[in-house]
Every structure is written in C-alpha cells, then in structure tokens.
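Here is the structure we will look at, set down as structure tokens.
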Amino acid sequence: MKKILFLLILMSFFYSCKGTPPTNDLNIPMGLECTDTTPSLPLRIYFYGYNPEPDFSGYNIYISTTHSSWSSMQSLVDQHISNGGFSSSINNNIISSVQGGNTYPTIPSYSLSQVSAGAQKVEFQINYDGASNGLNLAVSYYIGITAIDLNNVLESKISNIIKVDSSSCTGVN
C-alpha cells in the first residue's frame, strides 16, 4: 500500500511539473553568404533555414555599419526583445518587410512553407538598410539573420555574420 501511495505521489509530482520554458527554441539560420562573389546592387544573399517550430514567424535580417562582430551583432538581437515584447529601439538595424515601415519579420514565414519540412536554401535581395536608405557599397555593411516567433516573443541567436562592400563578401568572427 505504501508503494502504491508513493507511486501516486511521484506521478502527481511529475505531472504537475511543467518545466521551465526554453529561453530560445528556434533553429538558427545557417550558412549566410552573398550570391555573387563580387557584390553589386541590389545585394543578393542566401542562407539555409530549417524551422519546424509551430509558431515560427519568419526571419529578420540585421544590418549595421558598426556592429562588426558576432557578439556585437548578437547584442542587437538581445536588445530587440525587451520586457516581454519587441523593442523598437533597434529598428534601424532590421531590414523591414515594407520599405519605410518597421515591419518584421523581414521574410515572413508564409512565403517559406518549405523550411518546416527540411533544410532549404532561402534567397533574399537587399535594396536598402534598416533606415530605408539605399545601400552604398562604398560603405562596409555587416549582415546577420535570425529566426523569429512573434507569438511567444522569441528570436534565435544570430547567424554567422558577413561583411559586404564593393569588393567582397566575407565572413567575420
């Protein structure tokens, strides 16, 4: 009888434990690169995405002229999620899905149904920066990608970072 009671208590304990929600449960976009070996405008990039998560909303493209390392770019992502919501303080570093509109994700999931079935190559054309200014390849841009879940206010870690200017597209550490 004591064994049965013990088992019932143990089972109720495990049943009542819901666990801690993950702080980041979205797959990170991988393999970000430029399509052309010598960049030109519009800038064409690609990466590989696999996001079967049920609330996956799409991908954000981060762009900066000053955040030149992975950790520096990740700090932008960390600033984007604030107090249970998305902060607009870094919108000039996210390419909007509507030019001039601070609308994200940059690449909405409804246009990417195949990324939930398996890893897929995703291509995107960049015409302007996060502040809706036309790109100028005389300037060096640093670009990274995140997966985003608008419903649960989650964003993946940033992908690898690429540096793009008039002569090259290279990875940075």
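Ordering of the structure tokens sets the chain letters (A, B, ...); residue numbers start at 1 within each chain; ligands are numbered from 1 in the order shown.
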
- Message: Applying 6 Å and only C-alpha atoms, which residues near stretch 25-29 of chain A remain after dropping the ones on its own chain fewer than 6 positions away? List them as a count of residues only.
- Response: 5

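All residues of protein, DNA or RNA that reach within 10 Å of A:Leu41, judged by only C-alpha atoms and not counting those fewer than 4 positions away in the chain, are Gln125, Ile126, Asn127, Tyr128, Gly134, Leu135, Asn136, Leu137 and Ser166 of chain A.
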
Output the selection as an mmCIF file, in the first residue's frame - C-alpha atoms for each residue.
```cif
data_model
loop_
_atom_site.group_PDB
_atom_site.id
_atom_site.type_symbol
_atom_site.label_atom_id
_atom_site.label_comp_id
_atom_site.auth_asym_id
_atom_site.auth_seq_id
_atom_site.Cartn_x
_atom_site.Cartn_y
_atom_site.Cartn_z
ATOM 1 C CA GLN A 125 17.502 40.659 -52.279
ATOM 2 C CA ILE A 126 18.539 43.678 -50.180
ATOM 3 C CA ASN A 127 17.885 47.106 -51.670
ATOM 4 C CA TYR A 128 18.114 49.337 -48.594
ATOM 5 C CA GLY A 134 19.570 52.879 -50.376
ATOM 6 C CA LEU A 135 22.665 50.710 -49.980
ATOM 7 C CA ASN A 136 26.008 52.241 -50.852
ATOM 8 C CA LEU A 137 28.663 49.587 -51.329
ATOM 9 C CA SER A 166 32.175 46.980 -53.138
#
```

- Could you pull the residues within 12 Å of A:Lys121, counting only C-alpha atoms, minus those fewer than 3 positions along the same chain, as a VMD selection string? chain A and resid 29 to 33 35 45 to 50 112 114 to 115 118 124

Would you output that residue set with C-alpha atoms, as a short mmCIF file (atom, residue, chain, number, x, y, z; two decimals), in the first residue's frame?
```cif
data_model
loop_
_atom_site.label_atom_id
_atom_site.label_comp_id
_atom_site.auth_asym_id
_atom_site.auth_seq_id
_atom_site.Cartn_x
_atom_site.Cartn_y
_atom_site.Cartn_z
CA PRO A 29 19.71 30.21 -39.79
CA MET A 30 22.96 28.78 -41.17
CA GLY A 31 25.46 29.46 -43.95
CA LEU A 32 24.72 33.12 -44.73
CA GLU A 33 26.58 34.22 -47.88
CA THR A 35 25.08 35.12 -54.06
CA ILE A 45 22.16 36.91 -50.15
CA TYR A 46 21.22 33.37 -49.25
CA PHE A 47 21.19 31.15 -46.18
CA TYR A 48 19.79 27.81 -45.13
CA GLY A 49 16.78 27.61 -42.86
CA TYR A 50 15.06 24.76 -41.11
CA LEU A 112 8.61 29.90 -46.73
CA GLN A 114 9.18 24.53 -47.23
CA VAL A 115 11.53 25.40 -44.31
CA GLY A 118 13.59 20.28 -44.01
CA PHE A 124 16.73 37.41 -50.49
#
```

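Distances from A:Ile143, A:Val153, A:Ile95, A:Val164 to A:Ser72 were compared using only C-alpha atoms, and the smallest one belongs to A:Ile143.
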
Write out as a compact mmCIF listing (two decimals) with N, CA and C atoms, in the first residue's frame all residues of chain A that DSSP puts in alpha helix (DSSP H) for this structure's backbone.
```txt
# COMPACT_ATOMS: atom_id res chain seq x y z
N LYS A 2 1.96 1.23 0.79
CA LYS A 2 2.86 2.38 0.83
C LYS A 2 3.50 2.62 -0.54
N LYS A 3 3.82 1.51 -1.25
CA LYS A 3 4.42 1.63 -2.58
C LYS A 3 3.45 2.29 -3.55
N ILE A 4 2.20 1.92 -3.49
CA ILE A 4 1.19 2.50 -4.38
C ILE A 4 1.01 3.98 -4.09
N LEU A 5 0.93 4.32 -2.80
CA LEU A 5 0.80 5.72 -2.40
C LEU A 5 2.01 6.51 -2.86
N PHE A 6 3.19 5.95 -2.64
CA PHE A 6 4.42 6.60 -3.08
C PHE A 6 4.42 6.83 -4.60
N LEU A 7 4.02 5.82 -5.35
CA LEU A 7 3.96 5.95 -6.81
C LEU A 7 2.95 7.00 -7.24
N LEU A 8 1.81 7.06 -6.59
CA LEU A 8 0.80 8.07 -6.92
C LEU A 8 1.32 9.48 -6.64
N ILE A 9 1.99 9.64 -5.53
CA ILE A 9 2.56 10.95 -5.20
C ILE A 9 3.64 11.32 -6.21
N LEU A 10 4.48 10.38 -6.54
CA LEU A 10 5.55 10.61 -7.51
C LEU A 10 4.98 10.97 -8.88
N MET A 11 3.94 10.24 -9.29
CA MET A 11 3.32 10.53 -10.59
C MET A 11 2.66 11.91 -10.60
N SER A 12 2.00 12.27 -9.52
CA SER A 12 1.37 13.58 -9.47
C SER A 12 2.42 14.69 -9.48
N PHE A 13 3.55 14.44 -8.85
CA PHE A 13 4.63 15.42 -8.86
C PHE A 13 5.13 15.66 -10.29
N PHE A 14 5.43 14.59 -11.02
CA PHE A 14 5.91 14.73 -12.39
C PHE A 14 4.84 15.32 -13.30
N TYR A 15 3.61 14.97 -13.07
CA TYR A 15 2.52 15.51 -13.89
C TYR A 15 2.37 17.01 -13.68
N SER A 16 2.57 17.48 -12.45
CA SER A 16 2.38 18.90 -12.15
C SER A 16 3.57 19.75 -12.60
N TRP A 70 30.31 38.94 -34.30
CA TRP A 70 29.14 38.16 -33.95
C TRP A 70 28.57 38.63 -32.62
N SER A 71 29.43 38.83 -31.62
CA SER A 71 28.93 39.21 -30.29
C SER A 71 28.29 40.60 -30.31
N SER A 72 28.84 41.50 -31.09
CA SER A 72 28.26 42.83 -31.21
C SER A 72 26.90 42.78 -31.90
N MET A 73 26.78 41.97 -32.94
CA MET A 73 25.50 41.82 -33.64
C MET A 73 24.50 41.11 -32.74
N GLN A 74 24.95 40.11 -31.97
CA GLN A 74 24.05 39.41 -31.05
C GLN A 74 23.50 40.37 -30.01
N SER A 75 24.28 41.37 -29.62
CA SER A 75 23.79 42.34 -28.64
C SER A 75 22.59 43.11 -29.19
N LEU A 76 22.55 43.34 -30.49
CA LEU A 76 21.36 43.97 -31.10
C LEU A 76 20.14 43.08 -30.95
N VAL A 77 20.32 41.79 -31.20
CA VAL A 77 19.21 40.84 -31.06
C VAL A 77 18.72 40.83 -29.62
N ASP A 78 19.65 40.81 -28.67
CA ASP A 78 19.29 40.81 -27.26
C ASP A 78 18.52 42.07 -26.88
N GLN A 79 18.87 43.20 -27.49
CA GLN A 79 18.15 44.46 -27.23
C GLN A 79 16.76 44.46 -27.85
N HIS A 80 16.58 43.67 -28.90
CA HIS A 80 15.29 43.66 -29.61
C HIS A 80 14.17 43.12 -28.74
```

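Remark: for A:Asn173, the closest of the candidate residues A:Tyr142, A:Tyr62, A:Phe86, A:Tyr110 is A:Tyr142 (distances computed over only C-alpha atoms).
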
- List every residue of stretch 42-164 of chain A that DSSP, applied to the backbone of this structure, assigns to strand (DSSP E or B), and report them as a PyMOL selection string. chain A and resi 43-49+58-64+81-82+85-86+94+107-108+120-126+128+134+141-149+154-155+161-164

- Note on the structure: In Å and to one decimal, atom CA of A:Asp149 is distant from atom CA of A:His67 by 23.5 Å

- Item | Which of A:Thr146, A:Asn152, A:Ser116, A:Ser140 sits closest to A:Cys169 [using only C-alpha atoms] | A:Ser140
